[in-house]
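Enquirer: Next up, input.tsv (TSV, C-alpha atoms (C1' of nucleotides)).
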chain	number	residue	atom	x	y	z
A	267	MET	CA	-13.84	8.69	15.76
A	268	ASP	CA	-11.98	9.93	18.81
A	269	THR	CA	-11.77	13.60	17.86
A	270	LYS	CA	-10.24	14.65	21.18
A	271	PHE	CA	-7.34	12.35	20.51
A	272	LEU	CA	-6.86	13.74	17.00
A	273	LYS	CA	-6.91	17.30	18.30
A	274	ILE	CA	-4.08	16.56	20.73
A	275	MET	CA	-2.19	14.68	18.05
A	276	SER	CA	-2.54	17.61	15.65
A	277	ARG	CA	-1.04	19.97	18.24
A	278	ASN	CA	1.85	17.60	18.95
A	279	ILE	CA	2.65	17.15	15.29
A	280	GLY	CA	2.42	20.92	14.83
A	281	GLN	CA	5.08	21.46	17.49
A	282	LYS	CA	7.35	18.91	15.86
A	283	MET	CA	6.79	20.60	12.49
A	284	THR	CA	7.79	23.99	13.87
A	285	ARG	CA	11.01	22.57	15.30
A	286	ALA	CA	11.85	20.72	12.08
A	287	MET	CA	11.09	23.82	10.03
A	288	GLU	CA	13.46	25.99	12.06
A	289	GLU	CA	16.25	23.47	11.65
A	290	ILE	CA	15.58	23.20	7.93
A	291	TYR	CA	15.76	26.98	7.35
A	292	ASP	CA	18.94	27.02	9.39
A	293	LEU	CA	20.56	24.23	7.37
A	294	ALA	CA	19.35	25.70	4.08
A	295	GLY	CA	20.54	29.21	4.97
A	296	GLY	CA	17.15	30.83	4.36
A	297	VAL	CA	13.38	30.57	4.30
A	298	PHE	CA	11.60	28.73	1.50
A	299	ASN	CA	8.51	26.59	0.91
A	300	ILE	CA	9.58	23.13	2.05
A	301	ASN	CA	6.51	21.59	0.41
A	302	SER	CA	7.63	22.81	-3.00
A	303	PRO	CA	9.82	20.18	-4.68
A	304	LYS	CA	10.88	22.88	-7.13
A	305	GLN	CA	12.20	25.23	-4.43
A	306	LEU	CA	13.73	22.34	-2.50
A	307	GLY	CA	15.53	21.16	-5.63
A	308	LEU	CA	17.16	24.56	-6.07
A	309	ILE	CA	18.38	24.54	-2.45
A	310	LEU	CA	19.73	20.97	-2.51
A	311	PHE	CA	21.26	20.78	-5.95
A	312	GLU	CA	22.25	24.37	-6.78
A	313	LYS	CA	22.73	26.26	-3.52
A	314	LEU	CA	24.25	23.34	-1.55
A	315	GLY	CA	25.71	21.60	-4.59
A	316	LEU	CA	24.58	18.09	-3.70
A	317	PRO	CA	24.59	15.59	-6.59
A	318	PRO	CA	21.21	15.29	-8.36
A	319	VAL	CA	20.46	11.55	-8.24
A	320	LYS	CA	17.37	11.44	-10.42
A	321	LYS	CA	15.28	13.71	-12.63
A	322	THR	CA	11.55	14.08	-13.04
A	323	LYS	CA	9.68	15.31	-16.12
A	324	THR	CA	9.94	18.86	-14.85
A	325	GLY	CA	13.25	19.03	-12.96
A	326	TYR	CA	15.19	17.52	-10.07
A	327	SER	CA	13.64	14.64	-8.18
A	328	THR	CA	13.55	15.07	-4.40
A	329	ASP	CA	11.63	11.93	-3.52
A	330	VAL	CA	12.39	9.62	-0.61
A	331	THR	CA	14.85	7.42	-2.56
A	332	VAL	CA	16.86	10.50	-3.56
A	333	LEU	CA	16.93	12.00	-0.07
A	334	GLU	CA	17.92	8.64	1.45
A	335	LYS	CA	20.97	8.59	-0.83
A	336	LEU	CA	21.96	12.14	0.15
A	337	LYS	CA	21.62	11.52	3.90
A	338	ASN	CA	25.32	10.82	4.48
A	339	GLN	CA	26.46	13.95	2.65
A	340	HIS	CA	24.41	16.61	4.40
A	341	PRO	CA	22.02	16.79	7.40
A	342	LEU	CA	19.27	18.58	5.45
A	343	PRO	CA	17.77	15.62	3.51
A	344	GLU	CA	16.95	13.69	6.67
A	345	LYS	CA	15.20	16.73	8.18
A	346	ILE	CA	13.18	17.14	4.99
A	347	LEU	CA	12.04	13.53	5.25
A	348	GLU	CA	11.00	14.09	8.85
A	349	PHE	CA	9.11	17.23	7.90
A	350	ARG	CA	7.39	15.44	5.01
A	351	MET	CA	6.21	12.61	7.26
A	352	LEU	CA	4.77	15.11	9.74
A	353	THR	CA	2.93	17.17	7.11
A	354	LYS	CA	1.60	14.05	5.38
A	355	LEU	CA	0.17	12.60	8.58
A	356	ARG	CA	-1.36	15.87	9.69
A	357	SER	CA	-2.86	17.11	6.44
A	358	THR	CA	-4.09	13.78	5.04
A	359	TYR	CA	-5.34	12.11	8.21
A	360	VAL	CA	-5.22	13.88	11.57
A	361	ASP	CA	-6.78	17.14	10.39
A	362	ALA	CA	-8.86	15.70	7.54
A	363	MET	CA	-10.91	13.08	9.40
A	364	PRO	CA	-12.71	15.31	11.93
A	365	ALA	CA	-13.92	17.53	9.09
A	366	LEU	CA	-15.66	14.54	7.48
A	367	ILE	CA	-17.73	13.52	10.49
A	368	ASN	CA	-21.45	13.42	9.76
A	369	PRO	CA	-23.16	15.54	12.45
A	370	LYS	CA	-26.18	13.21	12.60
A	371	THR	CA	-24.39	9.89	12.95
A	372	LEU	CA	-21.14	11.24	14.41
A	373	ARG	CA	-19.34	8.83	12.08
A	374	VAL	CA	-17.25	9.22	8.94
A	375	HIS	CA	-19.00	7.63	5.96
A	376	GLY	CA	-16.66	6.97	3.05
A	377	SER	CA	-17.32	5.21	-0.25
A	378	PHE	CA	-16.21	1.76	-1.35
A	379	ASN	CA	-16.04	1.83	-5.11
A	380	GLN	CA	-16.80	-1.42	-6.96
A	381	THR	CA	-15.93	-0.50	-10.53
A	382	VAL	CA	-12.67	1.40	-10.31
A	383	ALA	CA	-9.76	-1.03	-9.93
A	384	ALA	CA	-8.83	-3.10	-12.98
A	385	THR	CA	-8.06	-6.24	-10.95
A	386	GLY	CA	-11.45	-6.43	-9.19
A	387	ARG	CA	-10.32	-4.88	-5.95
A	388	LEU	CA	-12.49	-2.32	-4.22
A	389	SER	CA	-11.18	1.19	-3.90
A	390	SER	CA	-12.03	3.60	-1.09
A	391	SER	CA	-12.55	7.35	-1.26
A	392	ASN	CA	-13.80	10.41	0.62
A	393	PRO	CA	-11.93	9.50	2.72
A	394	ASN	CA	-9.73	6.62	1.64
A	395	PHE	CA	-10.00	4.15	4.52
A	396	GLN	CA	-7.61	1.77	2.80
A	397	ASN	CA	-4.48	3.85	3.33
A	398	ILE	CA	-4.64	4.72	7.02
A	399	PRO	CA	-1.00	4.69	8.28
A	400	ILE	CA	0.50	1.64	10.00
A	401	ARG	CA	4.16	1.35	8.91
A	402	THR	CA	5.65	4.01	11.20
A	403	GLU	CA	4.80	4.17	14.90
A	404	MET	CA	3.79	7.83	14.69
A	405	GLY	CA	1.48	7.07	11.79
A	406	ARG	CA	0.11	3.96	13.43
A	407	GLU	CA	-1.00	6.06	16.42
A	408	ILE	CA	-3.66	7.57	14.15
A	409	ARG	CA	-5.52	4.25	14.32
A	410	LYS	CA	-6.28	4.94	17.98
A	411	ALA	CA	-8.78	7.50	16.72
A	412	PHE	CA	-10.76	4.78	14.91
A	413	CYS	CA	-12.74	3.44	17.83
A	414	ALA	CA	-16.08	1.84	18.60
A	415	GLN	CA	-18.84	4.40	18.99
A	416	GLU	CA	-20.21	3.00	22.24
A	417	LYS	CA	-18.10	2.62	25.29
A	418	ASP	CA	-18.12	-1.12	25.93
A	419	HIS	CA	-18.09	-2.12	22.26
A	420	PHE	CA	-15.04	-3.42	20.40
A	421	ILE	CA	-13.18	-3.15	17.12
A	422	LEU	CA	-12.34	-6.54	15.60
A	423	ALA	CA	-9.87	-6.80	12.72
A	424	ALA	CA	-9.44	-10.04	10.74
A	425	ASP	CA	-6.82	-10.29	8.03
A	426	TYR	CA	-5.77	-13.01	5.61
A	427	SER	CA	-2.21	-14.16	6.24
A	428	GLN	CA	-0.08	-14.13	3.03
A	429	VAL	CA	-3.18	-14.54	0.90
A	430	GLU	CA	-1.51	-13.58	-2.40
A	431	LEU	CA	1.36	-16.04	-1.98
A	432	ARG	CA	-1.12	-18.77	-1.06
A	433	ILE	CA	-3.01	-17.97	-4.26
A	434	MET	CA	0.26	-18.14	-6.19
A	435	ALA	CA	0.81	-21.59	-4.63
A	436	HIS	CA	-2.65	-22.69	-5.74
A	437	LEU	CA	-2.43	-21.30	-9.27
A	438	SER	CA	1.09	-22.57	-9.92
A	439	GLU	CA	0.76	-25.85	-8.01
A	440	ASP	CA	4.46	-25.42	-7.27
A	441	PRO	CA	5.35	-28.34	-4.93
A	442	ASN	CA	7.77	-26.31	-2.79
A	443	LEU	CA	5.40	-23.40	-2.29
A	444	VAL	CA	2.43	-25.69	-1.66
A	445	ALA	CA	4.40	-27.74	0.87
A	446	ALA	CA	5.47	-24.59	2.72
A	447	PHE	CA	1.87	-23.50	3.25
A	448	LYS	CA	0.67	-27.01	4.12
A	449	GLN	CA	3.31	-27.05	6.87
A	450	ASP	CA	2.24	-23.54	7.88
A	451	ALA	CA	5.89	-22.49	7.59
A	452	ASP	CA	7.05	-18.89	7.89
A	453	ILE	CA	6.96	-18.31	4.15
A	454	HIS	CA	9.79	-15.78	3.89
A	455	THR	CA	12.09	-17.95	6.02
A	456	HIS	CA	11.13	-20.91	3.85
A	457	THR	CA	11.98	-19.01	0.68
A	458	ALA	CA	15.28	-17.84	2.17
A	459	ALA	CA	16.20	-21.44	2.99
A	460	MET	CA	15.41	-22.45	-0.59
A	461	VAL	CA	17.22	-19.57	-2.26
A	462	PHE	CA	20.33	-19.65	-0.05
A	463	ASN	CA	20.36	-23.44	0.17
A	464	LEU	CA	20.37	-23.54	3.96
A	465	LYS	CA	18.28	-25.03	6.75
A	466	GLN	CA	15.43	-22.84	7.99
A	467	GLU	CA	17.03	-22.58	11.45
A	468	ASP	CA	20.17	-21.08	9.89
A	469	ILE	CA	18.33	-18.19	8.22
A	470	THR	CA	19.30	-14.75	9.53
A	471	SER	CA	16.89	-11.83	9.73
A	472	ASP	CA	18.77	-10.22	6.85
A	473	MET	CA	18.31	-13.28	4.64
A	474	ARG	CA	14.62	-13.37	5.57
A	475	ARG	CA	14.27	-9.70	4.62
A	476	THR	CA	15.85	-10.45	1.24
A	477	ALA	CA	13.48	-13.36	0.68
A	478	LYS	CA	10.49	-11.18	1.55
A	479	VAL	CA	11.47	-8.70	-1.16
A	480	ILE	CA	11.89	-11.58	-3.61
A	481	ASN	CA	8.50	-13.08	-2.75
A	482	PHE	CA	6.75	-9.80	-3.36
A	483	GLY	CA	8.89	-9.00	-6.38
A	484	ILE	CA	8.02	-12.30	-8.06
A	485	MET	CA	4.30	-11.60	-7.85
A	486	TYR	CA	4.79	-8.20	-9.46
A	487	GLY	CA	7.13	-9.47	-12.18
A	488	ALA	CA	10.12	-7.54	-10.86
A	489	GLY	CA	13.45	-7.75	-12.66
A	490	ALA	CA	17.02	-7.73	-11.35
A	491	HIS	CA	17.15	-3.96	-11.66
A	492	ARG	CA	14.31	-3.27	-9.26
A	493	ILE	CA	15.37	-6.02	-6.83
A	494	SER	CA	18.91	-4.63	-6.71
A	495	GLN	CA	17.54	-1.14	-5.92
A	496	GLU	CA	15.20	-2.51	-3.30
A	497	LEU	CA	17.90	-4.50	-1.49
A	498	ASN	CA	20.80	-2.14	-2.16
A	499	ILE	CA	22.82	-4.92	-3.80
A	500	SER	CA	24.48	-5.23	-7.20
A	501	HIS	CA	22.50	-5.98	-10.36
A	502	GLY	CA	24.46	-9.25	-10.70
A	503	ASP	CA	23.70	-10.43	-7.16
A	504	ALA	CA	20.02	-9.61	-7.62
A	505	GLY	CA	19.95	-11.57	-10.87
A	506	ALA	CA	21.59	-14.55	-9.16
A	507	ILE	CA	19.01	-14.56	-6.38
A	508	ILE	CA	16.13	-14.44	-8.87
A	509	LYS	CA	17.74	-17.27	-10.82
A	510	ALA	CA	18.09	-19.35	-7.65
A	511	TYR	CA	14.45	-18.66	-6.82
A	512	PHE	CA	13.18	-19.94	-10.16
A	513	GLU	CA	15.43	-23.01	-9.96
A	514	ARG	CA	13.78	-23.94	-6.66
A	515	TYR	CA	10.27	-22.89	-7.59
A	516	THR	CA	10.05	-24.10	-11.18
A	517	GLY	CA	6.27	-24.35	-10.90
A	518	VAL	CA	6.09	-20.61	-10.30
A	519	LYS	CA	8.37	-19.95	-13.26
A	520	ASP	CA	6.22	-22.16	-15.54
A	521	TYR	CA	3.04	-20.56	-14.26
A	522	ILE	CA	4.31	-17.05	-15.00
A	523	GLU	CA	5.33	-18.06	-18.52
A	524	LYS	CA	2.00	-19.77	-19.12
A	525	THR	CA	0.11	-16.73	-17.89
A	526	ILE	CA	1.94	-14.44	-20.31
A	527	THR	CA	1.51	-16.78	-23.28
A	528	GLU	CA	-2.19	-17.15	-22.58
A	529	CYS	CA	-2.61	-13.40	-22.22
A	530	LYS	CA	-0.91	-12.85	-25.57
A	531	GLU	CA	-3.34	-15.27	-27.22
A	532	LEU	CA	-6.54	-14.12	-25.54
A	533	GLY	CA	-5.80	-10.44	-24.90
A	534	TYR	CA	-6.76	-10.70	-21.25
A	535	ALA	CA	-5.65	-12.18	-17.92
A	536	SER	CA	-8.16	-13.77	-15.54
A	537	THR	CA	-8.71	-14.80	-11.95
A	538	LEU	CA	-9.49	-18.23	-10.53
A	539	TYR	CA	-13.17	-17.28	-10.58
A	540	GLY	CA	-13.15	-16.04	-14.17
A	541	ARG	CA	-12.90	-12.28	-13.74
A	542	LYS	CA	-11.15	-10.92	-16.83
A	543	ARG	CA	-8.85	-7.96	-17.25
A	544	PRO	CA	-8.19	-6.94	-20.86
A	545	ILE	CA	-4.51	-6.17	-21.38
A	546	GLN	CA	-4.19	-4.43	-24.73
A	547	ASP	CA	-0.48	-3.67	-24.63
A	548	ILE	CA	0.50	-7.33	-24.24
A	549	ASN	CA	1.21	-7.49	-27.99
A	550	SER	CA	2.49	-3.93	-28.32
A	551	GLU	CA	5.45	-3.12	-30.59
A	552	ASN	CA	6.65	-0.75	-27.86
A	553	ARG	CA	8.95	-2.76	-25.60
A	554	ASN	CA	8.32	-0.72	-22.47
A	555	LEU	CA	4.57	-0.98	-22.90
A	556	GLN	CA	4.74	-4.71	-23.55
A	557	GLU	CA	6.96	-5.33	-20.52
A	558	ALA	CA	4.62	-3.31	-18.29
A	559	ALA	CA	1.68	-5.30	-19.72
A	560	LYS	CA	3.43	-8.57	-18.88
A	561	ARG	CA	3.86	-7.47	-15.26
A	562	ALA	CA	0.20	-6.51	-15.07
A	563	ALA	CA	-0.73	-9.91	-16.54
A	564	ILE	CA	1.38	-11.73	-13.95
A	565	ASN	CA	-0.15	-9.78	-11.09
A	566	MET	CA	-3.82	-9.82	-12.15
A	567	PRO	CA	-4.63	-13.48	-11.35
A	568	VAL	CA	-3.04	-13.15	-7.92
A	569	GLN	CA	-4.38	-9.76	-6.84
A	570	GLY	CA	-7.71	-10.34	-8.56
A	571	THR	CA	-8.31	-13.78	-7.04
A	572	ALA	CA	-7.61	-12.35	-3.58
A	573	ALA	CA	-10.18	-9.64	-4.34
A	574	ASP	CA	-12.72	-12.26	-5.47
A	575	ILE	CA	-12.21	-14.33	-2.31
A	576	ILE	CA	-12.66	-11.46	0.13
A	577	LYS	CA	-15.78	-10.33	-1.77
A	578	ILE	CA	-17.25	-13.83	-1.41
A	579	ALA	CA	-16.39	-13.70	2.29
A	580	MET	CA	-18.11	-10.32	2.65
A	581	ILE	CA	-21.30	-11.56	1.00
A	582	ARG	CA	-21.43	-14.66	3.21
A	583	MET	CA	-20.60	-12.55	6.25
A	584	HIS	CA	-23.46	-10.19	5.51
A	585	ASP	CA	-25.91	-13.06	4.99
A	586	TRP	CA	-24.81	-14.71	8.21
A	587	MET	CA	-25.01	-11.54	10.29
A	588	LYS	CA	-28.45	-10.81	8.91
A	589	LYS	CA	-29.72	-14.33	9.53
A	590	GLU	CA	-28.43	-14.25	13.12
A	591	ASN	CA	-29.84	-10.77	13.68
A	592	LEU	CA	-26.51	-9.52	14.97
A	593	LYS	CA	-26.03	-6.04	16.36
A	594	SER	CA	-22.38	-5.93	15.31
A	595	LYS	CA	-21.45	-4.28	12.03
A	596	MET	CA	-18.96	-5.00	9.25
A	597	ILE	CA	-17.52	-1.52	8.71
A	598	LEU	CA	-14.33	-1.65	6.58
A	599	GLN	CA	-12.50	-3.69	3.95
A	600	VAL	CA	-8.78	-3.15	3.37
A	601	HIS	CA	-8.00	-5.63	0.55
A	602	ASP	CA	-7.06	-8.55	2.79
A	603	GLU	CA	-8.71	-7.38	6.00
A	604	LEU	CA	-12.24	-6.94	7.34
A	605	VAL	CA	-12.98	-4.66	10.27
A	606	PHE	CA	-16.03	-4.94	12.53
A	607	GLU	CA	-17.62	-2.89	15.25
A	608	VAL	CA	-18.68	-5.50	17.77
A	609	HIS	CA	-21.39	-5.60	20.44
A	610	PRO	CA	-19.91	-7.02	23.65
A	611	ASP	CA	-22.46	-9.87	23.76
A	612	GLU	CA	-21.32	-11.01	20.32
A	613	LEU	CA	-17.57	-10.77	20.76
A	614	GLU	CA	-16.85	-14.45	21.34
A	615	LEU	CA	-19.14	-15.46	18.48
A	616	LEU	CA	-17.46	-13.13	15.99
A	617	LYS	CA	-13.96	-14.04	17.14
A	618	LYS	CA	-14.79	-17.59	16.13
A	619	GLN	CA	-17.05	-17.15	13.11
A	620	VAL	CA	-15.41	-14.26	11.24
A	621	PRO	CA	-12.15	-16.13	10.55
A	622	ALA	CA	-14.09	-19.32	9.80
A	623	ILE	CA	-16.21	-17.62	7.14
A	624	MET	CA	-13.18	-15.88	5.65
A	625	GLU	CA	-11.08	-19.05	5.56
A	626	LEU	CA	-13.84	-21.01	3.82
A	627	ALA	CA	-14.52	-18.32	1.22
A	628	GLY	CA	-11.80	-19.68	-1.08
A	629	LYS	CA	-11.22	-23.34	-1.87
A	630	LEU	CA	-7.52	-23.65	-2.60
A	631	ILE	CA	-5.10	-26.58	-2.52
A	632	VAL	CA	-3.42	-24.81	0.41
A	633	PRO	CA	-5.28	-23.61	3.49
A	634	LEU	CA	-6.31	-20.00	3.92
A	635	LYS	CA	-5.32	-18.53	7.27
A	636	VAL	CA	-6.90	-15.56	9.04
A	637	ASP	CA	-5.50	-13.69	12.03
A	638	VAL	CA	-7.90	-11.91	14.37
A	639	GLY	CA	-7.32	-9.02	16.75
A	640	VAL	CA	-9.67	-7.25	19.16
A	641	GLY	CA	-9.41	-3.96	21.01
A	642	LYS	CA	-11.20	-0.76	21.83
A	643	ASP	CA	-9.79	0.80	18.63
A	644	TRP	CA	-8.16	-0.14	15.32
A	645	TYR	CA	-4.69	0.31	16.80
A	646	GLU	CA	-5.32	-2.26	19.53
A	647	ALA	CA	-7.11	-4.64	17.16
A	648	HIS	CA	-4.00	-5.00	15.01
B	108	DG	C1'	-10.76	31.85	-9.44
B	109	DC	C1'	-10.80	27.18	-11.12
B	110	DG	C1'	-9.57	22.81	-13.16
B	111	DA	C1'	-5.82	19.86	-14.73
B	112	DT	C1'	-1.37	18.03	-13.99
B	113	DC	C1'	2.73	16.87	-11.40
B	114	DA	C1'	5.42	15.25	-7.53
B	115	DG	C1'	5.25	12.98	-3.56
B	116	DC	C1'	3.62	9.48	-0.31
B	117	DG	C1'	-0.01	6.86	2.43
B	118	DC	C1'	-1.96	1.68	2.15
B	119	DG	C1'	-2.38	-3.75	0.60
C	256	DT	C1'	14.52	1.73	-17.89
C	257	DT	C1'	13.08	0.63	-13.02
C	258	DA	C1'	7.63	-4.39	-9.15
C	259	DC	C1'	1.23	-4.59	-9.21
C	260	DG	C1'	-3.15	-2.00	-7.60
C	261	DT	C1'	-5.17	2.34	-5.51
C	262	DG	C1'	-6.47	7.98	-3.43
C	263	DC	C1'	-5.19	12.55	-1.25
C	264	DT	C1'	-2.50	16.80	-0.64
C	265	DG	C1'	-0.05	20.90	-1.95
C	266	DA	C1'	2.34	23.29	-5.62
C	267	DT	C1'	2.18	24.81	-10.08
C	268	DC	C1'	0.45	26.15	-14.54
C	269	DG	C1'	-2.75	27.66	-18.01
C	270	DC	C1'	-7.16	29.53	-19.06
Please express what this file holds, its structure, as structure tokens.
Expert:
Amino acid sequence: MDTKFLKIMSRNIGQKMTRAMEEIYDLAGGVFNINSPKQLGLILFEKLGLPPVKKTKTGYSTDVTVLEKLKNQHPLPEKILEFRMLTKLRSTYVDAMPALINPKTLRVHGSFNQTVAATGRLSSSNPNFQNIPIRTEMGREIRKAFCAQEKDHFILAADYSQVELRIMAHLSEDPNLVAAFKQDADIHTHTAAMVFNLKQEDITSDMRRTAKVINFGIMYGAGAHRISQELNISHGDAGAIIKAYFERYTGVKDYIEKTITECKELGYASTLYGRKRPIQDINSENRNLQEAAKRAAINMPVQGTAADIIKIAMIRMHDWMKKENLKSKMILQVHDELVFEVHPDELELLKKQVPAIMELAGKLIVPLKVDVGVGKDWYEAH
DNA sequence: GCGATCAGCGCG
DNA sequence: TTACGTGCTGATCGC
């Protein structure tokens, strides 16, 4: 860990927090605990009279979807979101990591838990290395603190490209999806072309974004309601897009139906390698429970097979590294990614062999593809 | 003072 | 009502 870097980052975020806090008190007309959703709810929905969009069990919801909707009516919600991002990054990562450094090894040693997640994934705790920020630039900066311990060593990150959609292609044998991966097409552009009935070269970035949401939504069993929320479109339009998807990818539709039927008969869903997840509620009288169980049943074979494949890769990787007496170390797993700390003499070897071992870990009717990055830290390696 | 629960949000 | 799987933090509540 680069603790010097984190110390500077903590100070910088602290300054930004102070500025945001002052503006928030100004806009709210008084001091309150910004981290308290209860106090914030009173300010937004009673003092300022903004419309309460959503409720929680205990009162007004003030989550990100609510504040996004209120942005155009008052400047406060946006400032709250900024403040929340800053506090999240500082308290969960920037200030937490240095405190976990082992004084003997000067490293942070977390746990990878093998018997927590129902799908067969690993989970990570104390700290959770599987949720280090990447989606915002400010958050992503935190990865610069995850660096090789010795000066001339490297961090190498190798991640499976679209592994869950490739698994969906294999399991469903859908000709369109299989063909897309055999051609190594940009999968979201391909889906957009299918759904909107256009040539791939005529797909706009907006259409691609829509297709990306659909591709993920399908694997989670999303309905028109959720898709419409996600894309900010009408329920009817969302339903039409889903319908168009299943007309083009009938193999996926059939596979999903088959998976649910089988789960109802057997009481469990399973992965390509035979890992089972019991799904009790699949025959529940309670509609909500049964619908949630169906979504879990749809997702299990996809998420669980991906977990099986990366575990196989990790075992083979370990065996290989041991056999070759390598000095480099496999240090992290983030569901579809493996991270290594690499000795400079071994860099070229690992750049070649790591993706090869990962790509061969699963035998699917479509190829597996692994992208590799190298740098002095996890930020550069990505 | 302490543990449990809730809301919120970080990741794939 | 709301798309799957996780873990951590701070606020709050009850004992």
Enquirer: Any idea which chain A residues end up within 10 Å of chain B if we count all atoms listed in the file, as a VMD selection string please?
Expert: chain A and resid 301 to 304 322 to 324 327 to 330 350 to 351 354 to 355 358 to 359 394 to 401 405 569 600 to 603
Enquirer: So, with only C-alpha atoms (C1' of nucleotides) as the atoms that count, which of A:Ser377, A:Asn565, A:Ser471, A:Ser550 lies closest to chain C?
Expert: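 Looking at the shortest contact to chain C, the residue is A:Asn565.
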Enquirer: Up to 10 Å from chain C, what residues of chain A turn up? Count only C-alpha atoms (C1' of nucleotides) and give them as number ranges by chain.
Expert: A: 299, 301-304, 353-354, 357-359, 382-397, 479, 482-493, 495-496, 554, 558, 561-566, 568-570
Enquirer: Take the residues just selected and output them with C-alpha atoms as a PDB file, keeping the file's coordinate frame.
Expert:
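So the final result, stored in selection17.pdb, reads:
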ATOM      1  CA  ASN A 299       8.510  26.590   0.910  1.00  0.00           C
ATOM      2  CA  ASN A 301       6.510  21.590   0.410  1.00  0.00           C
ATOM      3  CA  SER A 302       7.630  22.810  -3.000  1.00  0.00           C
ATOM      4  CA  PRO A 303       9.820  20.180  -4.680  1.00  0.00           C
ATOM      5  CA  LYS A 304      10.880  22.880  -7.130  1.00  0.00           C
ATOM      6  CA  THR A 353       2.930  17.170   7.110  1.00  0.00           C
ATOM      7  CA  LYS A 354       1.600  14.050   5.380  1.00  0.00           C
ATOM      8  CA  SER A 357      -2.860  17.110   6.440  1.00  0.00           C
ATOM      9  CA  THR A 358      -4.090  13.780   5.040  1.00  0.00           C
ATOM     10  CA  TYR A 359      -5.340  12.110   8.210  1.00  0.00           C
ATOM     11  CA  VAL A 382     -12.670   1.400 -10.310  1.00  0.00           C
ATOM     12  CA  ALA A 383      -9.760  -1.030  -9.930  1.00  0.00           C
ATOM     13  CA  ALA A 384      -8.830  -3.100 -12.980  1.00  0.00           C
ATOM     14  CA  THR A 385      -8.060  -6.240 -10.950  1.00  0.00           C
ATOM     15  CA  GLY A 386     -11.450  -6.430  -9.190  1.00  0.00           C
ATOM     16  CA  ARG A 387     -10.320  -4.880  -5.950  1.00  0.00           C
ATOM     17  CA  LEU A 388     -12.490  -2.320  -4.220  1.00  0.00           C
ATOM     18  CA  SER A 389     -11.180   1.190  -3.900  1.00  0.00           C
ATOM     19  CA  SER A 390     -12.030   3.600  -1.090  1.00  0.00           C
ATOM     20  CA  SER A 391     -12.550   7.350  -1.260  1.00  0.00           C
ATOM     21  CA  ASN A 392     -13.800  10.410   0.620  1.00  0.00           C
ATOM     22  CA  PRO A 393     -11.930   9.500   2.720  1.00  0.00           C
ATOM     23  CA  ASN A 394      -9.730   6.620   1.640  1.00  0.00           C
ATOM     24  CA  PHE A 395     -10.000   4.150   4.520  1.00  0.00           C
ATOM     25  CA  GLN A 396      -7.610   1.770   2.800  1.00  0.00           C
ATOM     26  CA  ASN A 397      -4.480   3.850   3.330  1.00  0.00           C
ATOM     27  CA  VAL A 479      11.470  -8.700  -1.160  1.00  0.00           C
ATOM     28  CA  PHE A 482       6.750  -9.800  -3.360  1.00  0.00           C
ATOM     29  CA  GLY A 483       8.890  -9.000  -6.380  1.00  0.00           C
ATOM     30  CA  ILE A 484       8.020 -12.300  -8.060  1.00  0.00           C
ATOM     31  CA  MET A 485       4.300 -11.600  -7.850  1.00  0.00           C
ATOM     32  CA  TYR A 486       4.790  -8.200  -9.460  1.00  0.00           C
ATOM     33  CA  GLY A 487       7.130  -9.470 -12.180  1.00  0.00           C
ATOM     34  CA  ALA A 488      10.120  -7.540 -10.860  1.00  0.00           C
ATOM     35  CA  GLY A 489      13.450  -7.750 -12.660  1.00  0.00           C
ATOM     36  CA  ALA A 490      17.020  -7.730 -11.350  1.00  0.00           C
ATOM     37  CA  HIS A 491      17.150  -3.960 -11.660  1.00  0.00           C
ATOM     38  CA  ARG A 492      14.310  -3.270  -9.260  1.00  0.00           C
ATOM     39  CA  ILE A 493      15.370  -6.020  -6.830  1.00  0.00           C
ATOM     40  CA  GLN A 495      17.540  -1.140  -5.920  1.00  0.00           C
ATOM     41  CA  GLU A 496      15.200  -2.510  -3.300  1.00  0.00           C
ATOM     42  CA  ASN A 554       8.320  -0.720 -22.470  1.00  0.00           C
ATOM     43  CA  ALA A 558       4.620  -3.310 -18.290  1.00  0.00           C
ATOM     44  CA  ARG A 561       3.860  -7.470 -15.260  1.00  0.00           C
ATOM     45  CA  ALA A 562       0.200  -6.510 -15.070  1.00  0.00           C
ATOM     46  CA  ALA A 563      -0.730  -9.910 -16.540  1.00  0.00           C
ATOM     47  CA  ILE A 564       1.380 -11.730 -13.950  1.00  0.00           C
ATOM     48  CA  ASN A 565      -0.150  -9.780 -11.090  1.00  0.00           C
ATOM     49  CA  MET A 566      -3.820  -9.820 -12.150  1.00  0.00           C
ATOM     50  CA  VAL A 568      -3.040 -13.150  -7.920  1.00  0.00           C
ATOM     51  CA  GLN A 569      -4.380  -9.760  -6.840  1.00  0.00           C
ATOM     52  CA  GLY A 570      -7.710 -10.340  -8.560  1.00  0.00           C
TER      53      GLY A 570
END
Enquirer: Write out as a short mmCIF file (atom, residue, chain, number, x, y, z; two decimals) with C-alpha atoms, in the frame of the given file each polymer residue whose atoms come within 6 Å of segment 624-640 of chain A, counting all atoms listed in the file; drop sequence neighbours fewer than 4 positions from it.
Expert:
data_model
loop_
_atom_site.label_atom_id
_atom_site.label_comp_id
_atom_site.auth_asym_id
_atom_site.auth_seq_id
_atom_site.Cartn_x
_atom_site.Cartn_y
_atom_site.Cartn_z
CA ILE A 421 -13.18 -3.15 17.12
CA LEU A 422 -12.34 -6.54 15.60
CA ALA A 423 -9.87 -6.80 12.72
CA ALA A 424 -9.44 -10.04 10.74
CA ASP A 425 -6.82 -10.29 8.03
CA TYR A 426 -5.77 -13.01 5.61
CA SER A 427 -2.21 -14.16 6.24
CA HIS A 436 -2.65 -22.69 -5.74
CA LYS A 448 0.67 -27.01 4.12
CA ILE A 575 -12.21 -14.33 -2.31
CA ILE A 578 -17.25 -13.83 -1.41
CA ALA A 579 -16.39 -13.70 2.29
CA ALA A 647 -7.11 -4.64 17.16
CA HIS A 648 -4.00 -5.00 15.01
#
